[in-house]
file input-v7.pdb (PDB, C-alpha atoms, pLDDT in the B column)
ATOM      1  CA  MET A   1     141.317 -21.912 -16.080  1.00 52.00           C
ATOM      2  CA  SER A   2     138.942 -18.992 -16.090  1.00 80.00           C
ATOM      3  CA  LEU A   3     141.071 -16.397 -14.294  1.00 93.00           C
ATOM      4  CA  ASP A   4     144.772 -15.563 -14.362  1.00 93.00           C
ATOM      5  CA  VAL A   5     145.283 -15.283 -10.614  1.00 93.00           C
ATOM      6  CA  SER A   6     148.453 -13.586  -9.412  1.00 93.00           C
ATOM      7  CA  PRO A   7     150.476 -15.276  -6.663  1.00 93.00           C
ATOM      8  CA  ALA A   8     149.688 -12.339  -4.343  1.00 93.00           C
ATOM      9  CA  LEU A   9     145.931 -12.688  -4.879  1.00 94.00           C
ATOM     10  CA  LEU A  10     146.151 -16.441  -4.390  1.00 92.00           C
ATOM     11  CA  GLU A  11     148.019 -15.857  -1.112  1.00 93.00           C
ATOM     12  CA  GLN A  12     145.225 -13.521   0.027  1.00 92.00           C
ATOM     13  CA  ALA A  13     142.659 -16.222  -0.705  1.00 94.00           C
ATOM     14  CA  GLU A  14     144.717 -18.809   1.143  1.00 93.00           C
ATOM     15  CA  ARG A  15     144.833 -16.499   4.192  1.00 94.00           C
ATOM     16  CA  GLY A  16     141.063 -16.062   4.017  1.00 92.00           C
ATOM     17  CA  GLU A  17     140.754 -12.361   3.175  1.00 87.00           C
ATOM     18  CA  VAL A  18     140.466 -11.173  -0.423  1.00 92.00           C
ATOM     19  CA  ASP A  19     140.333  -7.536  -1.432  1.00 94.00           C
ATOM     20  CA  GLU A  20     137.367  -7.328  -3.818  1.00 95.00           C
ATOM     21  CA  ALA A  21     138.965  -4.507  -5.828  1.00 96.00           C
ATOM     22  CA  GLU A  22     141.940  -6.775  -6.525  1.00 96.00           C
ATOM     23  CA  PHE A  23     139.572  -9.600  -7.477  1.00 96.00           C
ATOM     24  CA  VAL A  24     137.720  -7.271  -9.862  1.00 97.00           C
ATOM     25  CA  ASP A  25     141.050  -6.238 -11.393  1.00 97.00           C
ATOM     26  CA  CYS A  26     141.885  -9.922 -11.866  1.00 96.00           C
ATOM     27  CA  VAL A  27     138.569 -10.377 -13.685  1.00 97.00           C
ATOM     28  CA  ARG A  28     139.268  -7.287 -15.825  1.00 98.00           C
ATOM     29  CA  THR A  29     142.660  -8.559 -16.955  1.00 97.00           C
ATOM     30  CA  SER A  30     141.636 -12.224 -17.275  1.00 97.00           C
ATOM     31  CA  LEU A  31     138.378 -11.698 -19.166  1.00 97.00           C
ATOM     32  CA  PRO A  32     138.976  -8.566 -21.268  1.00 97.00           C
ATOM     33  CA  TYR A  33     136.196  -9.200 -23.799  1.00 96.00           C
ATOM     34  CA  ALA A  34     133.594  -9.729 -21.074  1.00 96.00           C
ATOM     35  CA  TRP A  35     134.899  -6.704 -19.156  1.00 97.00           C
ATOM     36  CA  GLU A  36     134.724  -4.467 -22.219  1.00 97.00           C
ATOM     37  CA  MET A  37     131.237  -5.703 -23.103  1.00 96.00           C
ATOM     38  CA  ILE A  38     129.877  -4.984 -19.634  1.00 97.00           C
ATOM     39  CA  SER A  39     131.770  -1.671 -19.341  1.00 98.00           C
ATOM     40  CA  SER A  40     130.391  -0.445 -22.652  1.00 97.00           C
ATOM     41  CA  LEU A  41     126.851  -1.428 -21.723  1.00 97.00           C
ATOM     42  CA  VAL A  42     127.143   0.397 -18.396  1.00 97.00           C
ATOM     43  CA  ALA A  43     128.351   3.506 -20.263  1.00 98.00           C
ATOM     44  CA  GLN A  44     125.525   3.158 -22.783  1.00 97.00           C
ATOM     45  CA  LEU A  45     122.965   2.886 -19.978  1.00 96.00           C
ATOM     46  CA  LYS A  46     124.337   6.040 -18.336  1.00 95.00           C
ATOM     47  CA  VAL A  47     124.261   8.006 -21.602  1.00 96.00           C
ATOM     48  CA  ASP A  48     120.973   6.727 -23.028  1.00 94.00           C
ATOM     49  CA  GLY A  49     119.072   6.167 -19.801  1.00 90.00           C
ATOM     50  CA  GLY A  50     116.125   3.814 -20.000  1.00 88.00           C
ATOM     51  CA  SER A  51     115.453   0.632 -18.135  1.00 92.00           C
ATOM     52  CA  PHE A  52     118.390  -1.356 -19.564  1.00 94.00           C
ATOM     53  CA  ALA A  53     121.160  -1.563 -22.170  1.00 95.00           C
ATOM     54  CA  ASP A  54     121.929  -4.804 -23.954  1.00 93.00           C
ATOM     55  CA  ASN A  55     124.194  -6.358 -26.546  1.00 93.00           C
ATOM     56  CA  GLN A  56     122.721  -8.404 -29.379  1.00 85.00           C
ATOM     57  CA  THR A  57     125.901  -8.976 -31.400  1.00 88.00           C
ATOM     58  CA  PRO A  58     127.435 -12.443 -31.043  1.00 87.00           C
ATOM     59  CA  PRO A  59     131.039 -12.589 -29.813  1.00 90.00           C
ATOM     60  CA  PRO A  60     133.671 -12.627 -32.574  1.00 92.00           C
ATOM     61  CA  ASP A  61     135.029 -16.052 -31.601  1.00 92.00           C
ATOM     62  CA  GLU A  62     134.789 -18.912 -29.124  1.00 90.00           C
ATOM     63  CA  GLN A  63     137.375 -17.376 -26.788  1.00 93.00           C
ATOM     64  CA  ALA A  64     135.236 -14.257 -26.397  1.00 93.00           C
ATOM     65  CA  ARG A  65     132.083 -16.340 -25.953  1.00 91.00           C
ATOM     66  CA  GLY A  66     133.852 -18.360 -23.268  1.00 91.00           C
ATOM     67  CA  GLN A  67     134.802 -15.195 -21.415  1.00 93.00           C
ATOM     68  CA  LEU A  68     131.160 -14.080 -21.282  1.00 93.00           C
ATOM     69  CA  LEU A  69     130.078 -17.509 -20.096  1.00 91.00           C
ATOM     70  CA  ARG A  70     132.739 -17.600 -17.366  1.00 92.00           C
ATOM     71  CA  ALA A  71     131.984 -14.070 -16.178  1.00 94.00           C
ATOM     72  CA  LEU A  72     128.234 -14.516 -15.997  1.00 92.00           C
ATOM     73  CA  ALA A  73     128.026 -18.155 -14.926  1.00 91.00           C
ATOM     74  CA  SER A  74     130.197 -17.639 -11.839  1.00 93.00           C
ATOM     75  CA  ASP A  75     128.226 -16.261  -8.915  1.00 93.00           C
ATOM     76  CA  ALA A  76     131.402 -14.738  -7.429  1.00 95.00           C
ATOM     77  CA  ILE A  77     132.487 -13.016 -10.649  1.00 95.00           C
ATOM     78  CA  ARG A  78     128.991 -11.889 -11.583  1.00 95.00           C
ATOM     79  CA  GLY A  79     128.351 -10.546  -8.082  1.00 96.00           C
ATOM     80  CA  ALA A  80     131.657  -8.673  -7.995  1.00 97.00           C
ATOM     81  CA  LEU A  81     130.949  -7.124 -11.398  1.00 98.00           C
ATOM     82  CA  GLN A  82     127.473  -6.073 -10.331  1.00 96.00           C
ATOM     83  CA  ARG A  83     128.833  -4.430  -7.185  1.00 97.00           C
ATOM     84  CA  HIS A  84     131.717  -2.795  -9.040  1.00 98.00           C
ATOM     85  CA  PHE A  85     129.539  -1.281 -11.775  1.00 98.00           C
ATOM     86  CA  GLY A  86     126.453  -0.709  -9.598  1.00 96.00           C
ATOM     87  CA  VAL A  87     124.120  -2.609 -11.926  1.00 96.00           C
ATOM     88  CA  ARG A  88     122.237  -5.871 -12.208  1.00 93.00           C
ATOM     89  CA  LEU A  89     123.349  -8.208 -14.993  1.00 94.00           C
ATOM     90  CA  ALA A  90     121.139 -10.468 -17.085  1.00 91.00           C
ATOM     91  CA  PHE A  91     122.207 -12.962 -19.740  1.00 87.00           C
ATOM     92  CA  GLN A  92     120.684 -14.899 -22.664  1.00 81.00           C
ATOM     93  CA  ASN A  93     122.041 -17.162 -25.406  1.00 70.00           C
ATOM     94  CA  CYS A  94     125.785 -16.987 -24.792  1.00 66.00           C
ATOM     95  CA  HIS A  95     126.007 -13.390 -25.949  1.00 71.00           C
ATOM     96  CA  ARG A  96     123.002 -11.260 -25.079  1.00 83.00           C
ATOM     97  CA  VAL A  97     124.186  -9.457 -21.979  1.00 90.00           C
ATOM     98  CA  ALA A  98     122.072  -6.708 -20.424  1.00 91.00           C
ATOM     99  CA  VAL A  99     122.731  -4.256 -17.629  1.00 93.00           C
ATOM    100  CA  PHE A 100     119.922  -2.868 -15.490  1.00 90.00           C
ATOM    101  CA  PRO A 101     120.175  -0.041 -12.974  1.00 92.00           C
ATOM    102  CA  LEU A 102     119.725  -0.967  -9.329  1.00 89.00           C
ATOM    103  CA  ASP A 103     116.615   1.231  -9.293  1.00 84.00           C
ATOM    104  CA  GLY A 104     113.572  -0.845  -8.345  1.00 77.00           C
ATOM    105  CA  SER A 105     111.515   0.923 -11.010  1.00 73.00           C
ATOM    106  CA  VAL A 106     113.077  -1.366 -13.648  1.00 75.00           C
ATOM    107  CA  ASP A 107     112.124  -4.607 -11.902  1.00 78.00           C
ATOM    108  CA  GLU A 108     109.359  -5.221 -14.447  1.00 82.00           C
ATOM    109  CA  SER A 109     111.782  -4.757 -17.373  1.00 77.00           C
ATOM    110  CA  LEU A 110     114.252  -7.129 -15.731  1.00 67.00           C
ATOM    111  CA  ALA A 111     111.503  -9.694 -15.135  1.00 72.00           C
ATOM    112  CA  ARG A 112     110.467  -9.485 -18.804  1.00 75.00           C
ATOM    113  CA  PHE A 113     114.072  -9.814 -20.014  1.00 68.00           C
ATOM    114  CA  THR A 114     114.715 -12.870 -17.843  1.00 66.00           C
ATOM    115  CA  SER A 115     111.332 -14.517 -18.452  1.00 61.00           C
ATOM    116  CA  VAL A 116     110.835 -17.882 -20.098  1.00 65.00           C
ATOM    117  CA  ARG A 117     108.936 -16.109 -22.879  1.00 66.00           C
ATOM    118  CA  SER A 118     111.858 -13.780 -23.645  1.00 62.00           C
ATOM    119  CA  GLN A 119     114.296 -16.676 -23.583  1.00 63.00           C
ATOM    120  CA  LEU A 120     112.186 -18.569 -26.110  1.00 66.00           C
ATOM    121  CA  LEU A 121     111.749 -15.526 -28.349  1.00 64.00           C
ATOM    122  CA  ASN A 122     115.518 -14.943 -28.350  1.00 63.00           C
ATOM    123  CA  GLN A 123     116.251 -18.352 -29.870  1.00 61.00           C
ATOM    124  CA  SER A 124     117.785 -18.777 -33.295  1.00 60.00           C
ATOM    125  CA  PRO A 125     119.409 -21.698 -35.172  1.00 60.00           C
ATOM    126  CA  GLU A 126     122.691 -19.723 -35.275  1.00 58.00           C
ATOM    127  CA  PHE A 127     122.879 -19.941 -31.483  1.00 51.00           C
ATOM    128  CA  ARG A 128     122.416 -23.706 -31.334  1.00 49.00           C
ATOM    129  CA  ASP A 129     126.107 -24.328 -30.589  1.00 53.00           C
ATOM    130  CA  CYS A 130     126.651 -21.558 -28.092  1.00 52.00           C
TER
END

call {"tool": "encode", "arguments": {"input": "input-v7.pdb", "output": "C-alpha coordinates"}}
result
Amino acid sequence: MSLDVSPALLEQAERGEVDEAEFVDCVRTSLPYAWEMISSLVAQLKVDGGSFADNQTPPPDEQARGQLLRALASDAIRGALQRHFGVRLAFQNCHRVAVFPLDGSVDESLARFTSVRSQLLNQSPEFRDC
(Lines of atoms letter the chains of each structure in order from A and count residues from 1; the text may use other names and numbers.)
(Lines give C-alpha, C1' and ligand atoms only; values in the text may rest on other atoms or scores of the structure.)
Protein backbone atom coordinates (compact mmCIF):
# COMPACT_ATOMS: atom_id res chain seq x y z
CA MET A 1 0.00 0.00 0.00
CA SER A 2 1.42 3.36 -0.92
CA LEU A 3 -0.52 5.58 1.49
CA ASP A 4 -1.66 5.16 5.08
CA VAL A 5 -5.22 6.40 4.62
CA SER A 6 -7.16 7.31 7.74
CA PRO A 7 -10.73 6.00 8.09
CA ALA A 8 -12.01 9.60 7.94
CA LEU A 9 -10.20 10.30 4.66
CA LEU A 10 -11.42 7.01 3.22
CA GLU A 11 -14.99 7.96 4.20
CA GLN A 12 -14.57 11.28 2.37
CA ALA A 13 -13.46 9.43 -0.76
CA GLU A 14 -16.37 7.03 -0.49
CA ARG A 15 -18.77 10.01 -0.30
CA GLY A 16 -17.14 11.53 -3.38
CA GLU A 17 -15.58 14.69 -1.95
CA VAL A 18 -11.97 14.74 -0.74
CA ASP A 19 -10.33 17.74 0.86
CA GLU A 20 -7.03 18.12 -1.00
CA ALA A 21 -5.26 19.53 2.07
CA GLU A 22 -6.14 16.35 3.96
CA PHE A 23 -4.93 14.26 1.02
CA VAL A 24 -1.64 16.20 0.98
CA ASP A 25 -1.28 15.61 4.72
CA CYS A 26 -1.84 11.90 4.12
CA VAL A 27 0.96 11.96 1.53
CA ARG A 28 3.22 13.86 3.96
CA THR A 29 2.77 11.31 6.73
CA SER A 30 2.76 8.24 4.46
CA LEU A 31 5.78 9.15 2.33
CA PRO A 32 8.05 11.13 4.68
CA TYR A 33 11.27 10.64 2.68
CA ALA A 34 9.64 11.82 -0.55
CA TRP A 35 7.97 14.72 1.27
CA GLU A 36 11.24 15.84 2.84
CA MET A 37 13.10 15.55 -0.46
CA ILE A 38 10.57 17.69 -2.31
CA SER A 39 10.22 20.17 0.58
CA SER A 40 13.97 20.68 0.77
CA LEU A 41 14.25 21.19 -2.98
CA VAL A 42 11.44 23.76 -2.91
CA ALA A 43 13.27 25.60 -0.10
CA GLN A 44 16.55 25.39 -2.03
CA LEU A 45 14.88 26.81 -5.14
CA LYS A 46 13.46 29.73 -3.13
CA VAL A 47 16.83 30.51 -1.53
CA ASP A 48 19.10 29.95 -4.53
CA GLY A 49 16.76 31.03 -7.30
CA GLY A 50 17.59 29.78 -10.76
CA SER A 51 15.55 27.70 -13.12
CA PHE A 52 15.40 24.56 -10.95
CA ALA A 53 16.72 22.70 -7.90
CA ASP A 54 17.47 19.00 -8.03
CA ASN A 55 18.71 16.10 -5.95
CA GLN A 56 21.45 13.85 -7.28
CA THR A 57 22.02 11.72 -4.17
CA PRO A 58 20.49 8.23 -4.31
CA PRO A 59 18.02 7.36 -1.54
CA PRO A 60 19.56 5.65 1.50
CA ASP A 61 17.54 2.45 1.06
CA GLU A 62 14.84 0.72 -0.97
CA GLN A 63 12.05 2.01 1.27
CA ALA A 64 13.05 5.60 0.53
CA ARG A 65 13.42 4.85 -3.18
CA GLY A 66 9.95 3.31 -3.16
CA GLN A 67 8.50 6.43 -1.58
CA LEU A 68 9.92 8.61 -4.36
CA LEU A 69 8.61 6.23 -7.00
CA ARG A 70 5.12 6.16 -5.45
CA ALA A 71 4.97 9.93 -5.03
CA LEU A 72 6.10 10.76 -8.54
CA ALA A 73 4.53 7.88 -10.46
CA SER A 74 1.01 8.62 -9.20
CA ASP A 75 -0.67 11.37 -11.17
CA ALA A 76 -2.91 12.21 -8.19
CA ILE A 77 -0.06 12.43 -5.68
CA ARG A 78 2.29 14.24 -8.03
CA GLY A 79 -0.42 16.73 -9.02
CA ALA A 80 -1.37 17.40 -5.40
CA LEU A 81 2.28 17.97 -4.47
CA GLN A 82 2.78 20.33 -7.39
CA ARG A 83 -0.29 22.35 -6.41
CA HIS A 84 0.65 22.35 -2.72
CA PHE A 85 4.22 23.54 -3.28
CA GLY A 86 3.48 25.69 -6.35
CA VAL A 87 6.10 24.00 -8.51
CA ARG A 88 6.45 21.57 -11.39
CA LEU A 89 8.15 18.26 -10.58
CA ALA A 90 10.45 16.27 -12.85
CA PHE A 91 12.02 12.88 -12.18
CA GLN A 92 14.89 10.72 -13.49
CA ASN A 93 16.47 7.41 -12.45
CA CYS A 94 14.56 6.59 -9.27
CA HIS A 95 16.20 9.40 -7.33
CA ARG A 96 16.91 12.52 -9.35
CA VAL A 97 13.98 14.72 -8.44
CA ALA A 98 13.85 18.33 -9.62
CA VAL A 99 11.51 21.19 -8.83
CA PHE A 100 10.85 23.98 -11.32
CA PRO A 101 8.98 27.21 -10.66
CA LEU A 102 5.66 27.64 -12.42
CA ASP A 103 7.17 30.60 -14.28
CA GLY A 104 7.05 29.98 -18.03
CA SER A 105 10.56 31.39 -18.40
CA VAL A 106 11.96 28.03 -17.22
CA ASP A 107 10.13 25.95 -19.82
CA GLU A 108 13.35 25.48 -21.80
CA SER A 109 15.21 24.24 -18.69
CA LEU A 110 12.37 21.84 -17.92
CA ALA A 111 12.36 20.58 -21.51
CA ARG A 112 16.12 19.96 -21.33
CA PHE A 113 15.84 18.17 -17.98
CA THR A 114 13.06 15.89 -19.22
CA SER A 115 14.56 15.28 -22.67
CA VAL A 116 15.62 11.90 -24.00
CA ARG A 117 19.18 13.23 -24.20
CA SER A 118 19.23 14.18 -20.50
CA GLN A 119 17.74 10.83 -19.54
CA LEU A 120 20.47 9.01 -21.45
CA LEU A 121 23.24 11.19 -20.01
CA ASN A 122 21.96 10.54 -16.48
CA GLN A 123 22.44 6.78 -16.78
CA SER A 124 24.92 4.86 -14.67
CA PRO A 125 25.50 1.15 -13.89
CA GLU A 126 24.75 1.87 -10.21
CA PHE A 127 21.18 2.78 -11.16
CA ARG A 128 20.52 -0.41 -13.11
CA ASP A 129 18.37 -1.89 -10.33
CA CYS A 130 16.41 1.20 -9.43

call {"tool": "resolve_selection", "arguments": {"input": "input-v7.pdb", "expression": "the PyMOL selection byres ((chain A and resi 88) around 6)", "output": "list of chain:residue names"}}
result
A:Gln82, A:Val87, A:Leu89, A:Val99, A:Phe100

call {"tool": "closest_residue", "arguments": {"input": "input-v7.pdb", "among": "A:Met37, A:Leu3, A:Ile77, A:Cys26", "to": "A:Thr57", "atoms": "all atoms listed in the file"}}
result
A:Met37

call {"tool": "resolve_selection", "arguments": {"input": "input-v7.pdb", "expression": "the PyMOL selection byres ((chain A and resi 5) around 9)", "output": "list of chain:residue names"}}
result
A:Leu3, A:Asp4, A:Ser6, A:Pro7, A:Ala8, A:Leu9, A:Leu10, A:Phe23, A:Cys26, A:Val27, A:Ser30

call {"tool": "write_last_selection", "arguments": {"input": "input-v7.pdb", "atoms": "C-alpha atoms", "output": "short mmCIF file (atom, residue, chain, number, x, y, z; two decimals), in the coordinates of the input"}}
result
data_model
loop_
_atom_site.label_atom_id
_atom_site.label_comp_id
_atom_site.auth_asym_id
_atom_site.auth_seq_id
_atom_site.Cartn_x
_atom_site.Cartn_y
_atom_site.Cartn_z
CA LEU A 3 141.07 -16.40 -14.29
CA ASP A 4 144.77 -15.56 -14.36
CA SER A 6 148.45 -13.59 -9.41
CA PRO A 7 150.48 -15.28 -6.66
CA ALA A 8 149.69 -12.34 -4.34
CA LEU A 9 145.93 -12.69 -4.88
CA LEU A 10 146.15 -16.44 -4.39
CA PHE A 23 139.57 -9.60 -7.48
CA CYS A 26 141.88 -9.92 -11.87
CA VAL A 27 138.57 -10.38 -13.68
CA SER A 30 141.64 -12.22 -17.27
#

call {"tool": "axis_aligned_box", "arguments": {"input": "input-v7.pdb", "around": "stretch 67-78 of chain A", "padding_each_side": "8 Å", "output": "AutoDock Vina command-line options"}}
result
--center_x 131.4 --center_y -15.0 --center_z -14.4 --size_x 22.8 --size_y 22.3 --size_z 30.0

call {"tool": "residues_around", "arguments": {"input": "input-v7.pdb", "residues": "stretch 39-48 of chain A", "least_positions_apart": "3", "cutoff": "8 Å", "atoms": "all atoms listed in the file", "output": "VMD selection string"}}
result
chain A and resid 35 to 36 52 to 55 85 87 98 to 100

call {"tool": "closest_residue", "arguments": {"input": "input-v7.pdb", "among": "A:Gln92, A:Gln12, A:Ser2, A:Gln56", "to": "A:Leu31", "atoms": "all atoms listed in the file"}}
result
A:Ser2

call {"tool": "resolve_selection", "arguments": {"input": "input-v7.pdb", "expression": "the PyMOL selection byres ((chain A and resi 95) around 12)", "output": "count of residues only"}}
result
36

call {"tool": "closest_residue", "arguments": {"input": "input-v7.pdb", "among": "A:Asp75, A:Gly49, A:Glu14, A:Ala80", "to": "A:Arg28", "atoms": "all atoms listed in the file"}}
result
A:Ala80

call {"tool": "closest_residue", "arguments": {"input": "input-v7.pdb", "among": "A:Gln63, A:Leu81, A:Gly50, A:Ser74", "to": "A:Ala21", "atoms": "only C-alpha atoms"}}
result
A:Leu81

call {"tool": "atom_distance", "arguments": {"input": "input-v7.pdb", "atom1": "atom CA of A:Asp103", "atom2": "atom CA of A:Asp19"}}
result
26.5 Å

call {"tool": "atom_distance", "arguments": {"input": "input-v7.pdb", "atom1": "atom CA of A:Gly79", "atom2": "atom CA of A:Ser109"}}
result
19.9 Å

call {"tool": "atom_distance", "arguments": {"input": "input-v7.pdb", "atom1": "atom CA of A:Glu20", "atom2": "atom CA of A:Arg78"}}
result
12.3 Å
